[in-house]
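File shown: start_14.pdb (PDB, C-alpha atoms).
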```
ATOM      1  CA  MET A  18     -15.503  15.281 -24.076
ATOM      2  CA  ALA A  19     -12.831  12.920 -22.709
ATOM      3  CA  LYS A  20     -13.431  10.848 -19.574
ATOM      4  CA  TYR A  21      -9.999  11.682 -18.162
ATOM      5  CA  ARG A  22      -7.298  14.327 -18.444
ATOM      6  CA  LYS A  23      -4.269  13.506 -20.578
ATOM      7  CA  LEU A  24      -1.927  15.806 -18.594
ATOM      8  CA  GLY A  25       0.244  16.403 -21.665
ATOM      9  CA  ARG A  26       1.892  12.978 -21.439
ATOM     10  CA  THR A  27       1.927   9.662 -23.235
ATOM     11  CA  SER A  28      -0.246   6.940 -21.703
ATOM     12  CA  ASP A  29       2.615   5.037 -20.010
ATOM     13  CA  GLN A  30       4.071   8.241 -18.513
ATOM     14  CA  ARG A  31       0.613   9.344 -17.342
ATOM     15  CA  LYS A  32      -0.151   5.975 -15.716
ATOM     16  CA  ALA A  33       3.234   5.968 -13.957
ATOM     17  CA  LEU A  34       2.717   9.533 -12.677
ATOM     18  CA  LEU A  35      -0.761   8.781 -11.356
ATOM     19  CA  ARG A  36       0.310   5.482  -9.729
ATOM     20  CA  ASN A  37       3.200   7.262  -8.024
ATOM     21  CA  GLN A  38       1.030  10.097  -6.744
ATOM     22  CA  VAL A  39      -1.736   7.762  -5.505
ATOM     23  CA  THR A  40       0.840   5.619  -3.675
ATOM     24  CA  ASN A  41       2.397   8.703  -2.048
ATOM     25  CA  LEU A  42      -0.995  10.185  -1.118
ATOM     26  CA  LEU A  43      -2.094   7.022   0.661
ATOM     27  CA  TYR A  44       1.313   6.476   2.310
ATOM     28  CA  HIS A  45       1.936  10.044   3.536
ATOM     29  CA  GLY A  46      -1.662  11.289   3.852
ATOM     30  CA  LYS A  47      -1.156  14.375   1.670
ATOM     31  CA  ILE A  48       0.731  15.600  -1.397
ATOM     32  CA  VAL A  49       1.306  18.948  -3.138
ATOM     33  CA  THR A  50       0.626  18.889  -6.871
ATOM     34  CA  THR A  51      -1.155  20.804  -9.641
ATOM     35  CA  GLU A  52      -4.924  21.076  -9.638
ATOM     36  CA  THR A  53      -5.531  18.952 -12.754
ATOM     37  CA  ARG A  54      -3.264  16.146 -11.511
ATOM     38  CA  ALA A  55      -4.946  16.262  -8.107
ATOM     39  CA  LYS A  56      -8.379  15.793  -9.677
ATOM     40  CA  GLU A  57      -7.171  12.701 -11.549
ATOM     41  CA  VAL A  58      -5.370  11.260  -8.508
ATOM     42  CA  ARG A  59      -8.487  11.860  -6.395
ATOM     43  CA  LYS A  60     -10.595   9.629  -8.697
ATOM     44  CA  ILE A  61      -8.214   6.695  -8.361
ATOM     45  CA  ALA A  62      -7.544   7.130  -4.626
ATOM     46  CA  GLU A  63     -11.226   7.398  -3.704
ATOM     47  CA  GLY A  64     -11.994   4.242  -5.686
ATOM     48  CA  LEU A  65      -9.265   2.321  -3.855
ATOM     49  CA  ILE A  66     -10.396   3.570  -0.439
ATOM     50  CA  ALA A  67     -14.022   2.667  -1.225
ATOM     51  CA  MET A  68     -12.885  -0.819  -2.251
ATOM     52  CA  ALA A  69     -10.901  -1.214   1.006
ATOM     53  CA  VAL A  70     -13.859  -0.028   3.107
ATOM     54  CA  ARG A  71     -16.178  -2.481   1.361
ATOM     55  CA  GLU A  72     -13.849  -5.476   1.904
ATOM     56  CA  LYS A  73     -12.161  -4.622   5.239
ATOM     57  CA  ASP A  74     -13.945  -7.312   7.302
ATOM     58  CA  ASN A  75     -14.307  -9.906   4.551
ATOM     59  CA  PHE A  76     -11.893 -12.568   5.864
ATOM     60  CA  GLU A  77     -11.809 -15.506   8.234
ATOM     61  CA  THR A  78      -9.120 -16.361  10.778
ATOM     62  CA  VAL A  79      -7.722 -19.883  10.423
ATOM     63  CA  THR A  80      -5.309 -21.718  12.741
ATOM     64  CA  VAL A  81      -2.619 -23.671  10.890
ATOM     65  CA  THR A  82       0.349 -25.778  11.958
ATOM     66  CA  ALA A  83       3.638 -24.684  10.427
ATOM     67  CA  LYS A  84       7.202 -25.969  10.579
ATOM     68  CA  VAL A  85       9.597 -23.238  11.690
ATOM     69  CA  ALA A  86      13.383 -23.532  11.900
ATOM     70  CA  ARG A  87      14.703 -23.420  15.479
ATOM     71  CA  LYS A  88      17.052 -20.468  16.013
ATOM     72  CA  ASP A  89      19.833 -19.822  18.518
ATOM     73  CA  ALA A  90      20.590 -16.603  20.466
ATOM     74  CA  ASP A  91      22.248 -14.982  17.411
ATOM     75  CA  GLY A  92      19.230 -15.679  15.210
ATOM     76  CA  LYS A  93      20.976 -18.403  13.195
ATOM     77  CA  ARG A  94      19.389 -21.775  12.428
ATOM     78  CA  VAL A  95      20.236 -24.644  14.787
ATOM     79  CA  LYS A  96      21.850 -27.586  12.939
ATOM     80  CA  GLU A  97      22.069 -31.174  14.077
ATOM     81  CA  VAL A  98      24.287 -33.957  12.717
ATOM     82  CA  VAL A  99      22.247 -36.881  11.375
ATOM     83  CA  ASP A 100      24.024 -39.714   9.484
ATOM     84  CA  GLY A 101      27.088 -37.507   8.994
ATOM     85  CA  LYS A 102      25.110 -34.599   7.484
ATOM     86  CA  LYS A 103      24.143 -31.282   9.063
ATOM     87  CA  VAL A 104      20.352 -30.957   9.131
ATOM     88  CA  THR A 105      18.278 -27.977  10.280
ATOM     89  CA  VAL A 106      16.079 -28.620  13.321
ATOM     90  CA  TYR A 107      12.399 -27.665  12.887
ATOM     91  CA  ASP A 108       9.663 -27.038  15.462
ATOM     92  CA  GLU A 109       5.928 -27.264  14.821
ATOM     93  CA  VAL A 110       4.129 -24.022  15.665
ATOM     94  CA  GLN A 111       0.434 -23.062  15.682
ATOM     95  CA  LYS A 112      -0.198 -19.843  13.738
ATOM     96  CA  GLU A 113      -3.334 -17.824  13.102
ATOM     97  CA  ILE A 114      -3.609 -16.452   9.587
ATOM     98  CA  LYS A 115      -6.195 -14.323   7.813
ATOM     99  CA  LYS A 116      -7.786 -16.131   4.895
ATOM    100  CA  ASP A 117      -9.266 -13.654   2.407
ATOM    101  CA  ALA A 118     -12.683 -14.219   0.892
ATOM    102  CA  PRO A 119     -12.599 -14.296  -2.932
ATOM    103  CA  SER A 120     -13.931 -10.729  -3.272
ATOM    104  CA  ARG A 121     -11.297  -9.384  -0.826
ATOM    105  CA  LEU A 122      -8.557 -11.236  -2.703
ATOM    106  CA  HIS A 123      -9.788  -9.619  -5.920
ATOM    107  CA  ALA A 124      -9.744  -6.187  -4.244
ATOM    108  CA  ARG A 125      -6.207  -6.862  -2.971
ATOM    109  CA  ARG A 126      -5.023  -7.702  -6.491
ATOM    110  CA  GLN A 127      -6.735  -4.624  -7.952
ATOM    111  CA  MET A 128      -4.872  -2.454  -5.404
ATOM    112  CA  LEU A 129      -1.571  -4.156  -6.191
ATOM    113  CA  LYS A 130      -2.042  -3.091  -9.837
ATOM    114  CA  VAL A 131      -1.955   0.558  -8.703
ATOM    115  CA  PHE A 132       0.533   0.716  -5.815
ATOM    116  CA  TYR A 133       4.272   0.996  -6.290
ATOM    117  CA  PRO A 134       6.487  -0.748  -3.702
ATOM    118  CA  VAL A 135       7.211   1.518  -0.709
ATOM    119  CA  THR A 136      10.421   1.230   1.312
ATOM    120  CA  GLU A 137      10.553   2.858   4.723
ATOM    121  CA  VAL A 138      13.948   4.228   5.804
ATOM    122  CA  PRO A 139      14.539   5.104   9.480
ATOM    123  CA  ALA A 140      15.372   8.792  10.073
ATOM    124  CA  ALA A 141      18.715   7.958  11.711
ATOM    125  CA  ALA A 142      19.918   6.018   8.652
ATOM    126  CA  ALA A 143      18.726   8.406   5.934
ATOM    127  CA  GLY A 144      20.374   7.596   2.601
ATOM    128  CA  LYS A 145      21.557   4.136   3.721
ATOM    129  CA  LYS A 146      20.204   0.742   2.755
ATOM    130  CA  LYS A 147      20.625  -0.786   6.220
ATOM    131  CA  ASN A 148      17.509  -1.310   8.386
ATOM    132  CA  THR A 149      15.096  -0.380   5.586
ATOM    133  CA  LYS A 150      11.809  -2.230   5.546
ATOM    134  CA  SER A 151       9.208  -2.774   2.881
ATOM    135  CA  VAL A 152       5.735  -1.379   3.600
ATOM    136  CA  ASP A 153       2.725  -3.463   2.566
ATOM    137  CA  MET A 154       0.431  -0.725   1.200
ATOM    138  CA  VAL A 155      -2.506  -3.098   0.662
ATOM    139  CA  ASP A 156      -2.348  -4.228   4.293
ATOM    140  CA  LYS A 157      -2.146  -0.569   5.359
ATOM    141  CA  MET A 158      -5.295   0.118   3.330
ATOM    142  CA  PHE A 159      -7.246  -2.680   5.048
ATOM    143  CA  THR A 160      -5.937  -2.159   8.613
ATOM    144  CA  GLU A 161      -5.460   1.635   8.937
ATOM    145  CA  ILE A 162      -7.252   3.588   6.212
ATOM    146  CA  ALA A 163     -10.443   1.504   5.747
ATOM    147  CA  PRO A 164     -11.488   1.475   9.457
ATOM    148  CA  LYS A 165     -10.924   5.246   9.584
ATOM    149  CA  TYR A 166     -13.464   5.801   6.771
ATOM    150  CA  ALA A 167     -15.873   2.920   7.533
ATOM    151  CA  ASP A 168     -18.766   5.210   8.538
ATOM    152  CA  ARG A 169     -18.224   7.703   5.687
ATOM    153  CA  ASN A 170     -20.000   7.528   2.321
ATOM    154  CA  GLY A 171     -17.360   8.798  -0.098
ATOM    155  CA  GLY A 172     -15.509  12.105  -0.042
ATOM    156  CA  TYR A 173     -12.321  10.668   1.430
ATOM    157  CA  THR A 174     -10.028  13.366  -0.009
ATOM    158  CA  ARG A 175      -9.904  17.150   0.099
ATOM    159  CA  ILE A 176      -8.306  19.623  -2.353
ATOM    160  CA  ILE A 177      -7.055  22.933  -0.919
ATOM    161  CA  LYS A 178      -5.743  25.565  -3.335
ATOM    162  CA  ILE A 179      -2.449  27.157  -2.282
ATOM    163  CA  GLY A 180      -1.873  29.534  -5.202
ATOM    164  CA  PRO A 181      -0.018  29.654  -8.519
ATOM    165  CA  ARG A 182       3.413  28.061  -8.933
ATOM    166  CA  LYS A 183       6.244  30.535  -9.477
ATOM    167  CA  GLY A 184       7.715  28.970 -12.625
ATOM    168  CA  ASP A 185       4.679  28.476 -14.873
ATOM    169  CA  ALA A 186       1.770  29.888 -12.831
ATOM    170  CA  ALA A 187       0.038  26.491 -12.682
ATOM    171  CA  MET A 188      -2.436  26.372  -9.792
ATOM    172  CA  GLU A 189      -0.911  24.325  -6.983
ATOM    173  CA  VAL A 190      -3.049  22.449  -4.468
ATOM    174  CA  VAL A 191      -2.693  20.244  -1.423
ATOM    175  CA  LEU A 192      -4.477  16.924  -1.899
ATOM    176  CA  GLU A 193      -5.043  15.268   1.483
ATOM    177  CA  LEU A 194      -7.030  12.516   3.111
ATOM    178  CA  VAL A 195      -9.905  13.893   5.190
TER     179      VAL A 195
END
```

Show the structure stored in the file as structure tokens.
Amino acid sequence: MAKYRKLGRTSDQRKALLRNQVTNLLYHGKIVTTETRAKEVRKIAEGLIAMAVREKDNFETVTVTAKVARKDADGKRVKEVVDGKKVTVYDEVQKEIKKDAPSRLHARRQMLKVFYPVTEVPAAAAGKKKNTKSVDMVDKMFTEIAPKYADRNGGYTRIIKIGPRKGDAAMEVVLELV
């Protein structure tokens, strides 16, 4: 018996489908799909959540000094003339950054292998490229999803059957985060 379902697709199509559905499940919180796909997506998603829960507090906060360009009221860089050339003015700023432990960095890279890039579009500008922002799914896993499931030992997803699909009578389900 096989260790996974082939879903009637070639390996690259299957991997792309599963990556897409896992990304959407963890971004939106639930998806509607067929039962067999949901069971495959559940395996991957639960593994990623377990990894995030395990590594959520595995970092240290470090204070660093960084050079940052000085900006004016319009948000443009301030330039200064030095020896006949325009030079950007920099200020030194203290910043606190999170420095991942090696195991958390490994977990981060494993998650990046699965997630597709997510772009968030504001509701007012639907269909437009202006004011879109990229969502860091790995950061969302560590800051939002992992603390939510920190006291839970597995079973992060739930499958609810909603009946057969009209076209081909495939059993449709809602796969959601608990």

Atom CA of Pro164 of chain A and atom CA of Gln111 of chain A are how many Å apart?
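That distance, rounded to one decimal, is 28.0 Å.
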
Please identify all polymer residues lying at most 7 Å from the point (-8.6, 1.0, -9.5) (file coordinates), using all atoms listed in the file, and present the result as an MDAnalysis selection string.
chainID A and resid 61 64:65 127:128 131

Return as JSON lines the residues of segment 103-146 of chain A lying at most 12 Å from segment 67-90 of chain A, together with the closest atom-to-atom pair for each and the distance in Å to one decimal, counting all atoms listed in the file, with rows in chain order and ascending residue number.
```
{"residue": "A:Val104", "atom": "CA", "partner": "A:Ala86", "partner_atom": "CA", "distance": 10.6}
{"residue": "A:Thr105", "atom": "CA", "partner": "A:Ala86", "partner_atom": "CA", "distance": 6.8}
{"residue": "A:Val106", "atom": "CA", "partner": "A:Arg87", "partner_atom": "CA", "distance": 5.8}
{"residue": "A:Tyr107", "atom": "CA", "partner": "A:Ala86", "partner_atom": "CA", "distance": 4.4}
{"residue": "A:Asp108", "atom": "CA", "partner": "A:Val85", "partner_atom": "CA", "distance": 5.4}
{"residue": "A:Glu109", "atom": "CA", "partner": "A:Lys84", "partner_atom": "CA", "distance": 4.6}
{"residue": "A:Val110", "atom": "CA", "partner": "A:Ala83", "partner_atom": "CA", "distance": 5.3}
{"residue": "A:Gln111", "atom": "CA", "partner": "A:Thr82", "partner_atom": "CA", "distance": 4.6}
{"residue": "A:Lys112", "atom": "CA", "partner": "A:Val81", "partner_atom": "CA", "distance": 5.4}
{"residue": "A:Glu113", "atom": "CA", "partner": "A:Thr80", "partner_atom": "CA", "distance": 4.4}
{"residue": "A:Ile114", "atom": "CA", "partner": "A:Val79", "partner_atom": "CA", "distance": 5.4}
{"residue": "A:Lys115", "atom": "CA", "partner": "A:Thr78", "partner_atom": "CA", "distance": 4.6}
{"residue": "A:Lys116", "atom": "CA", "partner": "A:Glu77", "partner_atom": "CA", "distance": 5.3}
{"residue": "A:Asp117", "atom": "CA", "partner": "A:Phe76", "partner_atom": "CA", "distance": 4.5}
{"residue": "A:Ala118", "atom": "CA", "partner": "A:Phe76", "partner_atom": "CA", "distance": 5.3}
{"residue": "A:Pro119", "atom": "CA", "partner": "A:Asn75", "partner_atom": "CA", "distance": 8.8}
{"residue": "A:Ser120", "atom": "CA", "partner": "A:Glu72", "partner_atom": "CA", "distance": 7.4}
{"residue": "A:Arg121", "atom": "CA", "partner": "A:Glu72", "partner_atom": "CA", "distance": 5.4}
{"residue": "A:Leu122", "atom": "CA", "partner": "A:Glu72", "partner_atom": "CA", "distance": 9.1}
{"residue": "A:His123", "atom": "CA", "partner": "A:Glu72", "partner_atom": "CA", "distance": 9.7}
{"residue": "A:Ala124", "atom": "CA", "partner": "A:Met68", "partner_atom": "CA", "distance": 6.5}
{"residue": "A:Arg125", "atom": "CA", "partner": "A:Ala69", "partner_atom": "CA", "distance": 8.4}
{"residue": "A:Arg126", "atom": "CA", "partner": "A:Met68", "partner_atom": "CA", "distance": 11.3}
{"residue": "A:Gln127", "atom": "CA", "partner": "A:Met68", "partner_atom": "CA", "distance": 9.2}
{"residue": "A:Met128", "atom": "CA", "partner": "A:Met68", "partner_atom": "CA", "distance": 8.8}
```

Quick one: which residues end up in the PyMOL selection byres ((chain A and resi 56) around 12) for this structure, as a PyMOL selection string?
chain A and resi 21-24+35+38-39+50-55+57-63+174-178+189-193

Can you measure atom CA of Ser151 of chain A to atom CA of Val135 of chain A for me? One decimal in Å is fine.
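Taking atom CA of Ser151 of chain A and atom CA of Val135 of chain A, their separation equals 5.9 Å.
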
For Ile162 of chain A, the nearest of the candidates A:Gly46, A:Gly180, A:Gly101, A:Gly25, counting all atoms listed in the file
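That would be A:Gly46, the residue with the smallest distance to Ile162 of chain A.
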
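Nearest residue to Lys165 of chain A among A:Leu129, A:Ile66, A:Ala141, A:Val95 is A:Ile66, counting all atoms listed in the file.
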
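Picture a line from atom CA of Leu42 of chain A to atom CA of Leu194 of chain A; it runs 7.7 Å.
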
Contacts of Thr149 of chain A within 8 Å, only C-alpha atoms, excl. fewer than 5 positions in-chain, as a VMD selection string:
chain A and resid 136 to 139

Regenerate segment 74-105 of chain A at the level of N, CA and C atoms and dump it as a PDB file, in the coordinates of the input.
```pdb
ATOM      1  N   ASP A  74     -13.646  -6.232   6.366  1.00  0.00           N
ATOM      2  CA  ASP A  74     -13.945  -7.312   7.302  1.00  0.00           C
ATOM      3  C   ASP A  74     -14.262  -8.638   6.606  1.00  0.00           C
ATOM      4  N   ASN A  75     -13.928  -8.745   5.348  1.00  0.00           N
ATOM      5  CA  ASN A  75     -14.307  -9.906   4.551  1.00  0.00           C
ATOM      6  C   ASN A  75     -13.191 -10.964   4.559  1.00  0.00           C
ATOM      7  N   PHE A  76     -12.898 -11.519   5.738  1.00  0.00           N
ATOM      8  CA  PHE A  76     -11.893 -12.568   5.864  1.00  0.00           C
ATOM      9  C   PHE A  76     -12.259 -13.473   7.031  1.00  0.00           C
ATOM     10  N   GLU A  77     -11.622 -14.624   7.086  1.00  0.00           N
ATOM     11  CA  GLU A  77     -11.809 -15.506   8.234  1.00  0.00           C
ATOM     12  C   GLU A  77     -10.428 -15.837   8.798  1.00  0.00           C
ATOM     13  N   THR A  78     -10.375 -16.021  10.119  1.00  0.00           N
ATOM     14  CA  THR A  78      -9.120 -16.361  10.778  1.00  0.00           C
ATOM     15  C   THR A  78      -9.024 -17.867  10.910  1.00  0.00           C
ATOM     16  N   VAL A  79      -7.918 -18.438  10.431  1.00  0.00           N
ATOM     17  CA  VAL A  79      -7.722 -19.883  10.423  1.00  0.00           C
ATOM     18  C   VAL A  79      -6.449 -20.206  11.204  1.00  0.00           C
ATOM     19  N   THR A  80      -6.499 -21.263  12.016  1.00  0.00           N
ATOM     20  CA  THR A  80      -5.309 -21.718  12.741  1.00  0.00           C
ATOM     21  C   THR A  80      -4.658 -22.840  11.941  1.00  0.00           C
ATOM     22  N   VAL A  81      -3.358 -22.674  11.659  1.00  0.00           N
ATOM     23  CA  VAL A  81      -2.619 -23.671  10.890  1.00  0.00           C
ATOM     24  C   VAL A  81      -1.379 -24.100  11.671  1.00  0.00           C
ATOM     25  N   THR A  82      -0.889 -25.286  11.375  1.00  0.00           N
ATOM     26  CA  THR A  82       0.349 -25.778  11.958  1.00  0.00           C
ATOM     27  C   THR A  82       1.453 -25.592  10.934  1.00  0.00           C
ATOM     28  N   ALA A  83       2.545 -24.956  11.350  1.00  0.00           N
ATOM     29  CA  ALA A  83       3.638 -24.684  10.427  1.00  0.00           C
ATOM     30  C   ALA A  83       4.949 -25.177  11.015  1.00  0.00           C
ATOM     31  N   LYS A  84       5.867 -25.591  10.145  1.00  0.00           N
ATOM     32  CA  LYS A  84       7.202 -25.969  10.579  1.00  0.00           C
ATOM     33  C   LYS A  84       8.088 -24.734  10.503  1.00  0.00           C
ATOM     34  N   VAL A  85       8.733 -24.408  11.628  1.00  0.00           N
ATOM     35  CA  VAL A  85       9.597 -23.238  11.690  1.00  0.00           C
ATOM     36  C   VAL A  85      10.968 -23.677  12.168  1.00  0.00           C
ATOM     37  N   ALA A  86      12.015 -23.166  11.516  1.00  0.00           N
ATOM     38  CA  ALA A  86      13.383 -23.532  11.900  1.00  0.00           C
ATOM     39  C   ALA A  86      13.693 -23.004  13.293  1.00  0.00           C
ATOM     40  N   ARG A  87      14.301 -23.832  14.137  1.00  0.00           N
ATOM     41  CA  ARG A  87      14.703 -23.420  15.479  1.00  0.00           C
ATOM     42  C   ARG A  87      15.929 -22.513  15.345  1.00  0.00           C
ATOM     43  N   LYS A  88      15.952 -21.427  16.116  1.00  0.00           N
ATOM     44  CA  LYS A  88      17.052 -20.468  16.013  1.00  0.00           C
ATOM     45  C   LYS A  88      17.762 -20.327  17.352  1.00  0.00           C
ATOM     46  N   ASP A  89      19.062 -20.012  17.292  1.00  0.00           N
ATOM     47  CA  ASP A  89      19.833 -19.822  18.518  1.00  0.00           C
ATOM     48  C   ASP A  89      19.793 -18.348  18.935  1.00  0.00           C
ATOM     49  N   ALA A  90      20.608 -17.968  19.927  1.00  0.00           N
ATOM     50  CA  ALA A  90      20.590 -16.603  20.466  1.00  0.00           C
ATOM     51  C   ALA A  90      20.985 -15.548  19.424  1.00  0.00           C
ATOM     52  N   ASP A  91      21.812 -15.932  18.449  1.00  0.00           N
ATOM     53  CA  ASP A  91      22.248 -14.982  17.411  1.00  0.00           C
ATOM     54  C   ASP A  91      21.263 -14.882  16.259  1.00  0.00           C
ATOM     55  N   GLY A  92      20.222 -15.713  16.284  1.00  0.00           N
ATOM     56  CA  GLY A  92      19.230 -15.679  15.210  1.00  0.00           C
ATOM     57  C   GLY A  92      19.580 -16.605  14.060  1.00  0.00           C
ATOM     58  N   LYS A  93      20.581 -17.467  14.245  1.00  0.00           N
ATOM     59  CA  LYS A  93      20.976 -18.403  13.195  1.00  0.00           C
ATOM     60  C   LYS A  93      20.278 -19.739  13.415  1.00  0.00           C
ATOM     61  N   ARG A  94      20.066 -20.478  12.352  1.00  0.00           N
ATOM     62  CA  ARG A  94      19.389 -21.775  12.428  1.00  0.00           C
ATOM     63  C   ARG A  94      20.236 -22.785  13.195  1.00  0.00           C
ATOM     64  N   VAL A  95      19.563 -23.590  14.030  1.00  0.00           N
ATOM     65  CA  VAL A  95      20.236 -24.644  14.787  1.00  0.00           C
ATOM     66  C   VAL A  95      20.367 -25.865  13.878  1.00  0.00           C
ATOM     67  N   LYS A  96      21.602 -26.407  13.775  1.00  0.00           N
ATOM     68  CA  LYS A  96      21.850 -27.586  12.939  1.00  0.00           C
ATOM     69  C   LYS A  96      22.190 -28.775  13.823  1.00  0.00           C
ATOM     70  N   GLU A  97      21.839 -29.939  13.343  1.00  0.00           N
ATOM     71  CA  GLU A  97      22.069 -31.174  14.077  1.00  0.00           C
ATOM     72  C   GLU A  97      22.691 -32.175  13.112  1.00  0.00           C
ATOM     73  N   VAL A  98      23.637 -32.979  13.591  1.00  0.00           N
ATOM     74  CA  VAL A  98      24.287 -33.957  12.717  1.00  0.00           C
ATOM     75  C   VAL A  98      23.483 -35.254  12.727  1.00  0.00           C
ATOM     76  N   VAL A  99      22.999 -35.637  11.539  1.00  0.00           N
ATOM     77  CA  VAL A  99      22.247 -36.881  11.375  1.00  0.00           C
ATOM     78  C   VAL A  99      22.885 -37.649  10.226  1.00  0.00           C
ATOM     79  N   ASP A 100      23.366 -38.870  10.492  1.00  0.00           N
ATOM     80  CA  ASP A 100      24.024 -39.714   9.484  1.00  0.00           C
ATOM     81  C   ASP A 100      25.173 -38.984   8.791  1.00  0.00           C
ATOM     82  N   GLY A 101      25.923 -38.208   9.543  1.00  0.00           N
ATOM     83  CA  GLY A 101      27.088 -37.507   8.994  1.00  0.00           C
ATOM     84  C   GLY A 101      26.757 -36.239   8.223  1.00  0.00           C
ATOM     85  N   LYS A 102      25.504 -35.827   8.193  1.00  0.00           N
ATOM     86  CA  LYS A 102      25.110 -34.599   7.484  1.00  0.00           C
ATOM     87  C   LYS A 102      24.533 -33.605   8.476  1.00  0.00           C
ATOM     88  N   LYS A 103      24.755 -32.309   8.226  1.00  0.00           N
ATOM     89  CA  LYS A 103      24.143 -31.282   9.063  1.00  0.00           C
ATOM     90  C   LYS A 103      22.726 -31.020   8.563  1.00  0.00           C
ATOM     91  N   VAL A 104      21.766 -31.132   9.484  1.00  0.00           N
ATOM     92  CA  VAL A 104      20.352 -30.957   9.131  1.00  0.00           C
ATOM     93  C   VAL A 104      19.746 -29.910  10.055  1.00  0.00           C
ATOM     94  N   THR A 105      18.954 -29.006   9.492  1.00  0.00           N
ATOM     95  CA  THR A 105      18.278 -27.977  10.280  1.00  0.00           C
ATOM     96  C   THR A 105      17.187 -28.601  11.141  1.00  0.00           C
TER      97      THR A 105
END
```
